[in-house]
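Reproduced below: model.pdb, with PDB, C-alpha atoms.
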ATOM      1  CA  MET Z   1     135.045 103.966  85.674
ATOM      2  CA  THR Z   2     132.748 104.881  82.815
ATOM      3  CA  PRO Z   3     129.281 103.317  82.552
ATOM      4  CA  GLY Z   4     130.615 101.156  79.727
ATOM      5  CA  ALA Z   5     133.560  99.951  81.804
ATOM      6  CA  ARG Z   6     131.209  99.012  84.629
ATOM      7  CA  VAL Z   7     129.105  96.968  82.207
ATOM      8  CA  GLN Z   8     132.208  95.204  80.864
ATOM      9  CA  ALA Z   9     133.294  94.355  84.412
ATOM     10  CA  ALA Z  10     129.846  92.914  85.077
ATOM     11  CA  ILE Z  11     130.073  90.858  81.884
ATOM     12  CA  ASP Z  12     133.390  89.386  83.010
ATOM     13  CA  CYS Z  13     131.947  88.545  86.438
ATOM     14  CA  LEU Z  14     128.828  86.947  84.957
ATOM     15  CA  ASP Z  15     130.929  84.726  82.712
ATOM     16  CA  ARG Z  16     132.878  83.487  85.736
ATOM     17  CA  ILE Z  17     129.668  82.877  87.663
ATOM     18  CA  ALA Z  18     128.335  80.872  84.692
ATOM     19  CA  GLY Z  19     131.478  78.754  85.007
ATOM     20  CA  GLY Z  20     130.415  77.645  88.476
ATOM     21  CA  GLU Z  21     131.982  80.210  90.814
ATOM     22  CA  ALA Z  22     129.874  81.787  93.552
ATOM     23  CA  ALA Z  23     128.787  85.338  92.782
ATOM     24  CA  GLU Z  24     130.017  86.819  96.050
ATOM     25  CA  LYS Z  25     133.445  85.252  95.603
ATOM     26  CA  VAL Z  26     133.692  86.510  92.022
ATOM     27  CA  LEU Z  27     132.728  90.059  92.976
ATOM     28  CA  THR Z  28     135.099  90.097  95.943
ATOM     29  CA  LEU Z  29     138.037  88.930  93.838
ATOM     30  CA  TRP Z  30     137.197  91.420  91.108
ATOM     31  CA  ALA Z  31     137.069  94.293  93.598
ATOM     32  CA  ARG Z  32     140.435  93.300  95.087
ATOM     33  CA  GLY Z  33     142.048  93.278  91.659
ATOM     34  CA  ALA Z  34     140.361  96.442  90.410
ATOM     35  CA  ARG Z  35     142.156  98.972  92.574
ATOM     36  CA  TYR Z  36     141.153 101.704  90.135
ATOM     37  CA  ALA Z  37     137.484 101.130  91.025
ATOM     38  CA  GLY Z  38     135.974 103.422  93.619
ATOM     39  CA  SER Z  39     133.175 102.544  96.001
ATOM     40  CA  LYS Z  40     130.516 103.769  93.557
ATOM     41  CA  ASP Z  41     132.063 101.682  90.787
ATOM     42  CA  ARG Z  42     132.084  98.547  92.949
ATOM     43  CA  ALA Z  43     128.474  99.155  93.976
ATOM     44  CA  ALA Z  44     127.409  99.678  90.351
ATOM     45  CA  VAL Z  45     129.088  96.469  89.133
ATOM     46  CA  ARG Z  46     127.562  94.522  92.011
ATOM     47  CA  ASP Z  47     124.127  95.929  91.206
ATOM     48  CA  HIS Z  48     124.493  94.955  87.539
ATOM     49  CA  VAL Z  49     125.448  91.387  88.419
ATOM     50  CA  TYR Z  50     122.722  90.858  90.997
ATOM     51  CA  ASP Z  51     120.070  92.526  88.829
ATOM     52  CA  VAL Z  52     120.891  89.988  86.111
ATOM     53  CA  LEU Z  53     120.866  87.062  88.535
ATOM     54  CA  ARG Z  54     117.430  88.099  89.810
ATOM     55  CA  ARG Z  55     116.048  88.262  86.256
ATOM     56  CA  ARG Z  56     118.308  85.865  84.401
ATOM     57  CA  ARG Z  57     115.511  84.249  82.409
ATOM     58  CA  ALA Z  58     114.215  87.613  81.176
ATOM     59  CA  CYS Z  59     117.704  88.992  80.507
ATOM     60  CA  ALA Z  60     118.633  85.949  78.432
ATOM     61  CA  ALA Z  61     115.499  86.284  76.324
ATOM     62  CA  LEU Z  62     115.886  90.036  75.816
ATOM     63  CA  GLY Z  63     119.605  89.730  75.093
ATOM     64  CA  GLY Z  64     119.382  86.699  72.846
ATOM     65  CA  GLY Z  65     121.854  84.513  74.749
ATOM     66  CA  GLU Z  66     123.175  83.100  77.997
ATOM     67  CA  ASP Z  67     126.706  84.526  78.206
ATOM     68  CA  GLY Z  68     127.586  87.609  80.198
ATOM     69  CA  ARG Z  69     127.509  89.917  77.196
ATOM     70  CA  ALA Z  70     124.022  88.829  76.128
ATOM     71  CA  LEU Z  71     122.742  88.960  79.706
ATOM     72  CA  MET Z  72     123.940  92.534  80.199
ATOM     73  CA  LEU Z  73     122.464  93.490  76.837
ATOM     74  CA  GLY Z  74     119.177  92.023  78.018
ATOM     75  CA  LEU Z  75     119.355  93.837  81.359
ATOM     76  CA  ILE Z  76     119.881  97.205  79.666
ATOM     77  CA  ARG Z  77     116.891  96.528  77.439
ATOM     78  CA  ALA Z  78     114.818  95.416  80.431
ATOM     79  CA  GLN Z  79     115.660  98.662  82.213
ATOM     80  CA  GLY Z  80     114.682 100.749  79.194
ATOM     81  CA  GLY Z  81     118.234 101.822  78.391
ATOM     82  CA  ALA Z  82     119.952 102.298  75.043
ATOM     83  CA  PRO Z  83     122.447  99.425  74.522
ATOM     84  CA  GLY Z  84     124.218 101.253  71.713
ATOM     85  CA  ALA Z  85     125.215 104.025  74.106
ATOM     86  CA  VAL Z  86     127.039 101.510  76.315
ATOM     87  CA  PHE Z  87     128.320  98.921  73.837
ATOM     88  CA  THR Z  88     130.626 101.319  72.019
ATOM     89  CA  GLY Z  89     134.020  99.608  72.029
ATOM     90  CA  GLU Z  90     135.566 102.830  73.270
ATOM     91  CA  GLY Z  91     138.019 102.718  76.135
ATOM     92  CA  HIS Z  92     137.086  99.866  78.438
ATOM     93  CA  ALA Z  93     133.488  99.605  77.239
ATOM     94  CA  PRO Z  94     132.168  96.409  75.606
ATOM     95  CA  GLU Z  95     132.680  96.057  71.885
ATOM     96  CA  ALA Z  96     130.011  97.628  69.708
ATOM     97  CA  LEU Z  97     126.982  95.487  68.999
ATOM     98  CA  SER Z  98     127.045  93.392  65.873
ATOM     99  CA  PRO Z  99     124.012  93.590  63.542
ATOM    100  CA  GLU Z 100     123.013  90.150  64.825
ATOM    101  CA  GLU Z 101     123.170  91.263  68.453
ATOM    102  CA  ALA Z 102     121.253  94.441  67.688
ATOM    103  CA  ALA Z 103     118.499  92.366  66.130
ATOM    104  CA  ALA Z 104     118.559  89.519  68.635
ATOM    105  CA  GLY Z 105     116.316  89.158  71.609
ATOM    106  CA  GLY Z 106     112.619  88.694  72.040
ATOM    107  CA  ALA Z 107     109.997  89.348  74.654
ATOM    108  CA  ALA Z 108     110.681  88.334  78.237
ATOM    109  CA  PRO Z 109     108.974  85.007  79.021
ATOM    110  CA  ASP Z 110     106.007  84.976  81.362
ATOM    111  CA  LEU Z 111     107.677  82.570  83.777
ATOM    112  CA  PRO Z 112     108.844  83.068  87.361
ATOM    113  CA  GLU Z 113     112.547  83.635  87.910
ATOM    114  CA  VAL Z 114     113.337  80.226  89.412
ATOM    115  CA  PRO Z 115     115.290  77.271  87.982
ATOM    116  CA  ASP Z 116     113.314  75.132  85.537
ATOM    117  CA  TRP Z 117     113.366  72.060  87.790
ATOM    118  CA  LEU Z 118     111.536  73.981  90.508
ATOM    119  CA  LEU Z 119     108.665  75.214  88.333
ATOM    120  CA  PRO Z 120     106.490  72.054  88.665
ATOM    121  CA  ARG Z 121     106.940  72.096  92.438
ATOM    122  CA  PHE Z 122     105.927  75.718  92.788
ATOM    123  CA  GLU Z 123     103.039  75.244  90.362
ATOM    124  CA  ALA Z 124     101.748  72.389  92.513
ATOM    125  CA  LEU Z 125     102.154  74.555  95.623
ATOM    126  CA  TYR Z 126     100.659  77.833  94.355
ATOM    127  CA  GLY Z 127      98.570  76.882  91.322
ATOM    128  CA  ASP Z 128      97.331  79.899  89.351
ATOM    129  CA  ALA Z 129      98.838  82.212  91.970
ATOM    130  CA  MET Z 130     102.405  81.019  91.270
ATOM    131  CA  GLY Z 131     103.407  84.076  89.245
ATOM    132  CA  GLU Z 132     102.203  86.512  91.870
ATOM    133  CA  ALA Z 133     103.729  84.516  94.732
ATOM    134  CA  LEU Z 134     107.170  84.337  93.105
ATOM    135  CA  ALA Z 135     107.238  87.839  91.585
ATOM    136  CA  PRO Z 136     109.253  89.279  94.510
ATOM    137  CA  LEU Z 137     112.190  87.031  93.533
ATOM    138  CA  ALA Z 138     112.711  89.215  90.446
ATOM    139  CA  ARG Z 139     112.922  92.422  92.485
ATOM    140  CA  ARG Z 140     115.451  93.759  94.942
ATOM    141  CA  ALA Z 141     114.555  92.751  98.449
ATOM    142  CA  GLY Z 142     113.898  95.385 101.055
ATOM    143  CA  VAL Z 143     116.528  95.892 103.733
ATOM    144  CA  PHE Z 144     115.455  95.025 107.268
ATOM    145  CA  LEU Z 145     117.231  95.355 110.580
ATOM    146  CA  ARG Z 146     116.607  93.637 113.884
ATOM    147  CA  VAL Z 147     116.843  95.806 116.978
ATOM    148  CA  ASN Z 148     118.918  94.290 119.774
ATOM    149  CA  LEU Z 149     116.343  94.661 122.525
ATOM    150  CA  GLN Z 150     118.985  93.940 125.158
ATOM    151  CA  LYS Z 151     120.589  97.276 124.288
ATOM    152  CA  THR Z 152     117.865  99.583 123.008
ATOM    153  CA  ASP Z 153     114.326  99.792 121.655
ATOM    154  CA  PRO Z 154     113.084 100.509 118.094
ATOM    155  CA  ALA Z 155     112.784 104.249 118.702
ATOM    156  CA  GLY Z 156     116.323 104.426 120.084
ATOM    157  CA  ALA Z 157     117.695 102.424 117.176
ATOM    158  CA  ILE Z 158     115.928 104.640 114.631
ATOM    159  CA  ALA Z 159     117.407 107.743 116.272
ATOM    160  CA  ALA Z 160     120.906 106.222 116.334
ATOM    161  CA  LEU Z 161     120.700 105.239 112.659
ATOM    162  CA  ALA Z 162     119.505 108.718 111.725
ATOM    163  CA  ARG Z 163     122.677 110.212 113.164
ATOM    164  CA  ASP Z 164     124.584 108.213 110.535
ATOM    165  CA  GLY Z 165     122.315 109.282 107.692
ATOM    166  CA  ILE Z 166     120.229 106.099 107.646
ATOM    167  CA  ALA Z 167     116.449 106.416 107.608
ATOM    168  CA  ALA Z 168     114.411 103.554 109.058
ATOM    169  CA  GLU Z 169     110.858 102.930 110.179
ATOM    170  CA  PRO Z 170     109.124 100.216 112.191
ATOM    171  CA  GLY Z 171     108.841  97.151 109.999
ATOM    172  CA  PRO Z 172     106.177  94.481 109.659
ATOM    173  CA  LEU Z 173     105.778  91.125 111.355
ATOM    174  CA  ALA Z 174     108.101  91.557 114.356
ATOM    175  CA  ARG Z 175     108.260  94.120 117.142
ATOM    176  CA  GLY Z 176     112.015  94.578 116.765
ATOM    177  CA  ALA Z 177     112.017  94.822 112.963
ATOM    178  CA  LEU Z 178     112.993  98.012 111.163
ATOM    179  CA  ARG Z 179     112.621  98.696 107.448
ATOM    180  CA  VAL Z 180     115.479 100.777 106.018
ATOM    181  CA  THR Z 181     114.168 103.409 103.628
ATOM    182  CA  GLU Z 182     117.350 105.357 102.906
ATOM    183  CA  GLY Z 183     121.097 104.956 103.327
ATOM    184  CA  GLU Z 184     121.276 101.158 103.374
ATOM    185  CA  ARG Z 185     124.846 101.186 102.052
ATOM    186  CA  ARG Z 186     125.940 103.020 105.214
ATOM    187  CA  ILE Z 187     124.707 100.348 107.617
ATOM    188  CA  ALA Z 188     127.948  98.361 107.985
ATOM    189  CA  THR Z 189     129.945 101.486 108.889
ATOM    190  CA  SER Z 190     127.322 103.082 111.116
ATOM    191  CA  GLU Z 191     127.852 103.482 114.838
ATOM    192  CA  ALA Z 192     124.493 101.840 115.520
ATOM    193  CA  TYR Z 193     125.648  98.691 113.741
ATOM    194  CA  ARG Z 194     129.169  98.656 115.163
ATOM    195  CA  ALA Z 195     127.784  99.161 118.681
ATOM    196  CA  GLY Z 196     125.501  96.164 118.279
ATOM    197  CA  LEU Z 197     122.230  98.083 118.430
ATOM    198  CA  VAL Z 198     121.015  96.589 115.158
ATOM    199  CA  GLU Z 199     121.720  93.576 112.972
ATOM    200  CA  LEU Z 200     120.687  92.784 109.417
ATOM    201  CA  GLN Z 201     117.888  90.208 109.396
ATOM    202  CA  ASP Z 202     114.741  89.707 107.342
ATOM    203  CA  ALA Z 203     111.497  90.467 109.124
ATOM    204  CA  ALA Z 204     110.106  86.965 108.466
ATOM    205  CA  SER Z 205     113.040  85.354 110.287
ATOM    206  CA  GLN Z 206     112.548  87.727 113.183
ATOM    207  CA  ALA Z 207     108.845  86.918 113.330
ATOM    208  CA  ALA Z 208     109.557  83.183 113.403
ATOM    209  CA  MET Z 209     111.868  83.622 116.371
ATOM    210  CA  GLU Z 210     109.279  85.690 118.237
ATOM    211  CA  THR Z 211     106.908  82.711 118.221
ATOM    212  CA  LEU Z 212     109.287  80.672 120.394
ATOM    213  CA  PRO Z 213     108.627  80.779 124.149
ATOM    214  CA  LEU Z 214     111.604  82.047 126.136
ATOM    215  CA  ARG Z 215     112.292  82.772 129.782
ATOM    216  CA  GLU Z 216     115.345  83.995 131.650
ATOM    217  CA  ASP Z 217     116.421  80.658 133.165
ATOM    218  CA  MET Z 218     116.299  78.559 129.990
ATOM    219  CA  THR Z 219     119.058  76.610 128.248
ATOM    220  CA  VAL Z 220     118.609  77.054 124.499
ATOM    221  CA  LEU Z 221     120.325  75.218 121.643
ATOM    222  CA  ASP Z 222     120.254  76.361 118.016
ATOM    223  CA  TYR Z 223     121.111  73.017 116.473
ATOM    224  CA  CYS Z 224     121.574  74.234 112.866
ATOM    225  CA  ALA Z 225     122.881  77.702 113.593
ATOM    226  CA  GLY Z 226     124.647  78.608 110.344
ATOM    227  CA  GLY Z 227     125.641  82.269 110.545
ATOM    228  CA  GLY Z 228     123.788  82.644 113.823
ATOM    229  CA  GLY Z 229     121.103  85.144 112.888
ATOM    230  CA  LYS Z 230     118.324  83.217 114.599
ATOM    231  CA  THR Z 231     120.531  82.466 117.601
ATOM    232  CA  LEU Z 232     121.185  86.165 118.094
ATOM    233  CA  ALA Z 233     117.526  87.028 117.568
ATOM    234  CA  LEU Z 234     116.662  84.732 120.475
ATOM    235  CA  ALA Z 235     119.540  85.943 122.646
ATOM    236  CA  GLY Z 236     118.470  89.522 122.011
ATOM    237  CA  ARG Z 237     115.171  88.844 123.767
ATOM    238  CA  VAL Z 238     116.167  87.364 127.130
ATOM    239  CA  SER Z 239     119.290  86.701 129.203
ATOM    240  CA  ALA Z 240     119.337  82.896 129.047
ATOM    241  CA  ARG Z 241     122.061  80.303 128.283
ATOM    242  CA  PHE Z 242     122.479  80.063 124.514
ATOM    243  CA  PHE Z 243     124.415  77.444 122.572
ATOM    244  CA  ALA Z 244     124.968  77.171 118.825
ATOM    245  CA  HIS Z 245     125.868  74.108 116.772
ATOM    246  CA  ASP Z 246     126.147  73.311 113.083
ATOM    247  CA  ALA Z 247     127.080  70.115 111.261
ATOM    248  CA  ASN Z 248     129.496  72.286 109.277
ATOM    249  CA  PRO Z 249     131.274  74.368 111.946
ATOM    250  CA  ALA Z 250     132.752  76.679 109.295
ATOM    251  CA  ARG Z 251     129.290  78.129 108.760
ATOM    252  CA  MET Z 252     129.439  79.585 112.276
ATOM    253  CA  ARG Z 253     132.701  81.468 111.779
ATOM    254  CA  ASP Z 254     130.970  84.859 111.816
ATOM    255  CA  LEU Z 255     128.882  84.131 114.894
ATOM    256  CA  PRO Z 256     131.457  84.932 117.619
ATOM    257  CA  PRO Z 257     132.247  88.460 116.352
ATOM    258  CA  ARG Z 258     128.559  89.131 115.746
ATOM    259  CA  ALA Z 259     127.703  88.018 119.281
ATOM    260  CA  GLU Z 260     130.543  90.098 120.729
ATOM    261  CA  ARG Z 261     129.374  93.179 118.832
ATOM    262  CA  ALA Z 262     125.847  92.645 120.144
ATOM    263  CA  GLY Z 263     127.069  92.018 123.702
ATOM    264  CA  LEU Z 264     125.333  88.632 123.770
ATOM    265  CA  GLY Z 265     126.650  85.419 125.270
ATOM    266  CA  VAL Z 266     126.546  82.498 122.833
ATOM    267  CA  ARG Z 267     128.776  79.438 123.126
ATOM    268  CA  LEU Z 268     129.619  77.352 120.068
ATOM    269  CA  LEU Z 269     129.452  73.586 120.489
ATOM    270  CA  SER Z 270     130.889  70.771 118.418
ATOM    271  CA  THR Z 271     128.751  67.667 117.902
ATOM    272  CA  ALA Z 272     130.771  65.831 120.547
ATOM    273  CA  GLN Z 273     130.133  68.614 123.076
ATOM    274  CA  LEU Z 274     126.337  68.595 122.728
ATOM    275  CA  PRO Z 275     125.484  65.946 125.372
ATOM    276  CA  GLY Z 276     127.590  67.580 128.051
ATOM    277  CA  GLN Z 277     125.610  70.834 128.017
ATOM    278  CA  GLY Z 278     122.109  69.346 128.146
ATOM    279  CA  PRO Z 279     119.375  68.941 128.958
ATOM    280  CA  TYR Z 280     118.072  71.793 126.814
ATOM    281  CA  ASP Z 281     114.794  73.545 127.511
ATOM    282  CA  LEU Z 282     114.419  74.565 123.879
ATOM    283  CA  VAL Z 283     116.073  73.213 120.738
ATOM    284  CA  LEU Z 284     115.713  75.088 117.446
ATOM    285  CA  CYS Z 285     116.300  72.949 114.359
ATOM    286  CA  ASP Z 286     115.789  74.883 111.130
ATOM    287  CA  ALA Z 287     116.442  72.040 108.700
ATOM    288  CA  PRO Z 288     116.587  71.053 105.951
ATOM    289  CA  CYS Z 289     117.291  74.561 104.658
ATOM    290  CA  SER Z 290     116.771  75.471 101.004
ATOM    291  CA  GLY Z 291     117.710  79.086 101.668
ATOM    292  CA  SER Z 292     114.581  80.118  99.745
ATOM    293  CA  GLY Z 293     113.895  82.869 102.234
ATOM    294  CA  THR Z 294     117.064  84.627 101.075
ATOM    295  CA  TRP Z 295     116.618  84.195  97.313
ATOM    296  CA  ALA Z 296     115.382  87.733  96.681
ATOM    297  CA  ARG Z 297     118.452  89.066  98.472
ATOM    298  CA  ASP Z 298     120.866  86.406  97.221
ATOM    299  CA  PRO Z 299     119.674  85.237  93.778
ATOM    300  CA  ASP Z 300     122.903  83.316  93.254
ATOM    301  CA  ALA Z 301     121.768  80.910  95.988
ATOM    302  CA  LYS Z 302     118.577  80.308  94.032
ATOM    303  CA  ALA Z 303     120.548  79.389  90.925
ATOM    304  CA  ARG Z 304     123.028  77.174  92.786
ATOM    305  CA  PHE Z 305     120.417  75.160  94.664
ATOM    306  CA  THR Z 306     119.943  71.751  93.017
ATOM    307  CA  PRO Z 307     117.543  68.791  93.437
ATOM    308  CA  ASN Z 308     120.285  67.217  95.566
ATOM    309  CA  GLY Z 309     120.767  70.293  97.758
ATOM    310  CA  TRP Z 310     123.728  72.635  97.760
ATOM    311  CA  PRO Z 311     126.723  71.924  95.514
ATOM    312  CA  SER Z 312     129.781  70.735  97.382
TER     313      SER Z 312
END

Could the structure of this file be written out as structure tokens, please?
Amino acid sequence: MTPGARVQAAIDCLDRIAGGEAAEKVLTLWARGARYAGSKDRAAVRDHVYDVLRRRRACAALGGGEDGRALMLGLIRAQGGAPGAVFTGEGHAPEALSPEEAAAGGAAPDLPEVPDWLLPRFEALYGDAMGEALAPLARRAGVFLRVNLQKTDPAGAIAALARDGIAAEPGPLARGALRVTEGERRIATSEAYRAGLVELQDAASQAAMETLPLREDMTVLDYCAGGGGKTLALAGRVSARFFAHDANPARMRDLPPRAERAGLGVRLLSTAQLPGQGPYDLVLCDAPCSGSGTWARDPDAKARFTPNGWPS
């Protein structure tokens, strides 16, 4: 695909996302239908879409509109590119810019990249420091891994990742955290990942789990497990009895294969099964969950979160 074709694909995806579809679903369906697109093409389109979602407010102002075409125009301007070199109308590139589009767009607003309804809440929370506190939401999040301490240590994980062309270094906040500095797109196919030596998880989540007291003979319940990242972070520390539950069991569908890959024993429980496995020595209840800790990595979640919670 040419650079222009990648931009047009991103425009099409952004228009579907604006219509209410989840970004990940839109990108997955696009990739399945675009068999002509190679891995670099798919990565480029994904980057375009998520770069816009992280900076949607700025892109809309710079592009002079809210539709996918204006947002991509704004992103190119924000990145210092030349829109006229991409919007050519040649081949599969977007149509050439109209005089109005070429003249449209103003300065990016000096507002954090969060939905309007959240601004008063964050202003009350952070005051004059709001802009600085929320600035990371407009940038790509760093990639962090959690070392499965039941299988290896940080040094061993770093060496294993290096054999697959992935560079990592000890990360902040948690003793098992690694910061990936190169080769992050290779993680899912690396032997270290497939062998369960490492798992993707933000350092802050890892640090929170390290504050919980654990011992070998405990019975532990993650009451709002979701995808199971925190469950596995706990199970990676000690050989105890671990159970996972979620009010929406579908959220836990990835937990069994993740636990199997990590070589960790975690049993999923329905609500009706909870009393029969107690008493529990430790119950983790991470609720209610806004998902705000993932917004830099998943800006679509930030946009889809409403005053009433997640859309049904």

Contacts of Z:Leu178 at 7 Å (all atoms listed in the file; same-chain gap of 6+ positions) as an NGL selection string: :Z and (144-146 or 168-171)

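For the residues Z:Val7, Z:Val86, Z:Leu268, Z:Ala102, ranking by smallest atom-to-atom distance to Z:Arg251 using all atoms listed in the file places Z:Leu268 first.
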
Interatomic distance (Å, one decimal) between atom CA of Z:Ala18 and atom CA of Z:Trp295: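 Result for atom CA of Z:Ala18 versus atom CA of Z:Trp295: 17.5 Å, one decimal.
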
Distance query Z:Leu118 at most 12 Å, all atoms listed in the file, self and fewer than 5 positions along chain excluded, as a list in words: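 Using all atoms listed in the file, the neighbours found are Leu111, Pro112, Glu113, Glu123, Ala124, Leu125, Met130, Leu134, Ser290, Ser292, Lys302, Ala303, Phe305, Thr306 and Pro307 of chain Z.
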
Just-selected residues, C-alpha atoms written as a compact mmCIF listing (two decimals), in the coordinates of the input:
# COMPACT_ATOMS: atom_id res chain seq x y z
CA LEU Z 111 107.68 82.57 83.78
CA PRO Z 112 108.84 83.07 87.36
CA GLU Z 113 112.55 83.64 87.91
CA GLU Z 123 103.04 75.24 90.36
CA ALA Z 124 101.75 72.39 92.51
CA LEU Z 125 102.15 74.56 95.62
CA MET Z 130 102.40 81.02 91.27
CA LEU Z 134 107.17 84.34 93.10
CA SER Z 290 116.77 75.47 101.00
CA SER Z 292 114.58 80.12 99.74
CA LYS Z 302 118.58 80.31 94.03
CA ALA Z 303 120.55 79.39 90.92
CA PHE Z 305 120.42 75.16 94.66
CA THR Z 306 119.94 71.75 93.02
CA PRO Z 307 117.54 68.79 93.44

Closest of Z:Gly227, Z:Gly265, Z:Gly291, Z:Gly68 to Z:Phe242 - atom-to-atom distances counting only C-alpha atoms: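 Of all the options, Z:Gly265 lies closest to Z:Phe242.
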
Result set, the PyMOL selection byres ((chain Z and resi 152) around 12) on current file, as an NGL selection string: :Z and (146-151 or 153-160 or 176 or 192 or 195-198 or 236-237 or 262-263)

One-decimal distance in Å that lies between atom CA of Z:Ala203 and atom CA of Z:Ile166: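 Between these atoms lies a distance of 18.0 Å.
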
d(atom CA of Z:Ala104, atom CA of Z:Leu14) in Å: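 Taking atom CA of Z:Ala104 as the start and atom CA of Z:Leu14 as the end point, the length is 19.5 Å.
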
Explicit residues for the PyMOL selection byres ((chain Z and resi 93-101) around 12) (as a PyMOL selection string): chain Z and resi 1-12+62-65+68-74+82-92+102-106

Can stretch 157-172 of chain Z be brought up to N, CA, C and O atoms and written out as a PDB file, in the coordinates of the input?
ATOM      1  N   ALA Z 157     116.913 102.872 118.320  1.00  0.00           N
ATOM      2  CA  ALA Z 157     117.695 102.424 117.176  1.00  0.00           C
ATOM      3  C   ALA Z 157     117.476 103.333 115.973  1.00  0.00           C
ATOM      4  O   ALA Z 157     118.420 103.676 115.248  1.00  0.00           O
ATOM      5  N   ILE Z 158     116.231 103.740 115.752  1.00  0.00           N
ATOM      6  CA  ILE Z 158     115.928 104.640 114.631  1.00  0.00           C
ATOM      7  C   ILE Z 158     116.672 105.956 114.797  1.00  0.00           C
ATOM      8  O   ILE Z 158     117.239 106.500 113.842  1.00  0.00           O
ATOM      9  N   ALA Z 159     116.700 106.482 116.017  1.00  0.00           N
ATOM     10  CA  ALA Z 159     117.407 107.743 116.272  1.00  0.00           C
ATOM     11  C   ALA Z 159     118.903 107.585 116.056  1.00  0.00           C
ATOM     12  O   ALA Z 159     119.562 108.458 115.478  1.00  0.00           O
ATOM     13  N   ALA Z 160     119.476 106.460 116.507  1.00  0.00           N
ATOM     14  CA  ALA Z 160     120.906 106.222 116.334  1.00  0.00           C
ATOM     15  C   ALA Z 160     121.270 106.087 114.854  1.00  0.00           C
ATOM     16  O   ALA Z 160     122.292 106.610 114.392  1.00  0.00           O
ATOM     17  N   LEU Z 161     120.453 105.395 114.090  1.00  0.00           N
ATOM     18  CA  LEU Z 161     120.700 105.239 112.659  1.00  0.00           C
ATOM     19  C   LEU Z 161     120.617 106.581 111.942  1.00  0.00           C
ATOM     20  O   LEU Z 161     121.409 106.863 111.033  1.00  0.00           O
ATOM     21  N   ALA Z 162     119.669 107.412 112.365  1.00  0.00           N
ATOM     22  CA  ALA Z 162     119.505 108.718 111.725  1.00  0.00           C
ATOM     23  C   ALA Z 162     120.748 109.576 111.875  1.00  0.00           C
ATOM     24  O   ALA Z 162     121.078 110.364 110.973  1.00  0.00           O
ATOM     25  N   ARG Z 163     121.456 109.422 112.967  1.00  0.00           N
ATOM     26  CA  ARG Z 163     122.677 110.212 113.164  1.00  0.00           C
ATOM     27  C   ARG Z 163     123.756 109.827 112.153  1.00  0.00           C
ATOM     28  O   ARG Z 163     124.686 110.594 111.918  1.00  0.00           O
ATOM     29  N   ASP Z 164     123.637 108.643 111.560  1.00  0.00           N
ATOM     30  CA  ASP Z 164     124.584 108.213 110.535  1.00  0.00           C
ATOM     31  C   ASP Z 164     123.991 108.326 109.135  1.00  0.00           C
ATOM     32  O   ASP Z 164     124.515 107.736 108.177  1.00  0.00           O
ATOM     33  N   GLY Z 165     122.905 109.062 109.000  1.00  0.00           N
ATOM     34  CA  GLY Z 165     122.315 109.282 107.692  1.00  0.00           C
ATOM     35  C   GLY Z 165     121.509 108.120 107.161  1.00  0.00           C
ATOM     36  O   GLY Z 165     121.316 107.989 105.944  1.00  0.00           O
ATOM     37  N   ILE Z 166     121.014 107.267 108.049  1.00  0.00           N
ATOM     38  CA  ILE Z 166     120.229 106.099 107.646  1.00  0.00           C
ATOM     39  C   ILE Z 166     118.802 106.288 108.147  1.00  0.00           C
ATOM     40  O   ILE Z 166     118.571 106.475 109.347  1.00  0.00           O
ATOM     41  N   ALA Z 167     117.849 106.254 107.234  1.00  0.00           N
ATOM     42  CA  ALA Z 167     116.449 106.416 107.608  1.00  0.00           C
ATOM     43  C   ALA Z 167     115.808 105.039 107.736  1.00  0.00           C
ATOM     44  O   ALA Z 167     115.972 104.176 106.877  1.00  0.00           O
ATOM     45  N   ALA Z 168     115.079 104.837 108.818  1.00  0.00           N
ATOM     46  CA  ALA Z 168     114.411 103.554 109.058  1.00  0.00           C
ATOM     47  C   ALA Z 168     113.070 103.812 109.721  1.00  0.00           C
ATOM     48  O   ALA Z 168     112.851 104.862 110.338  1.00  0.00           O
ATOM     49  N   GLU Z 169     112.188 102.839 109.591  1.00  0.00           N
ATOM     50  CA  GLU Z 169     110.858 102.930 110.179  1.00  0.00           C
ATOM     51  C   GLU Z 169     110.482 101.568 110.741  1.00  0.00           C
ATOM     52  O   GLU Z 169     111.058 100.552 110.331  1.00  0.00           O
ATOM     53  N   PRO Z 170     109.552 101.520 111.678  1.00  0.00           N
ATOM     54  CA  PRO Z 170     109.124 100.216 112.191  1.00  0.00           C
ATOM     55  C   PRO Z 170     108.668  99.311 111.051  1.00  0.00           C
ATOM     56  O   PRO Z 170     107.923  99.737 110.167  1.00  0.00           O
ATOM     57  N   GLY Z 171     109.160  98.079 111.062  1.00  0.00           N
ATOM     58  CA  GLY Z 171     108.841  97.151 109.999  1.00  0.00           C
ATOM     59  C   GLY Z 171     107.691  96.237 110.361  1.00  0.00           C
ATOM     60  O   GLY Z 171     107.154  96.282 111.471  1.00  0.00           O
ATOM     61  N   PRO Z 172     107.303  95.379 109.421  1.00  0.00           N
ATOM     62  CA  PRO Z 172     106.177  94.481 109.659  1.00  0.00           C
ATOM     63  C   PRO Z 172     106.595  93.226 110.414  1.00  0.00           C
ATOM     64  O   PRO Z 172     107.781  92.955 110.590  1.00  0.00           O
TER      65      PRO Z 172
END
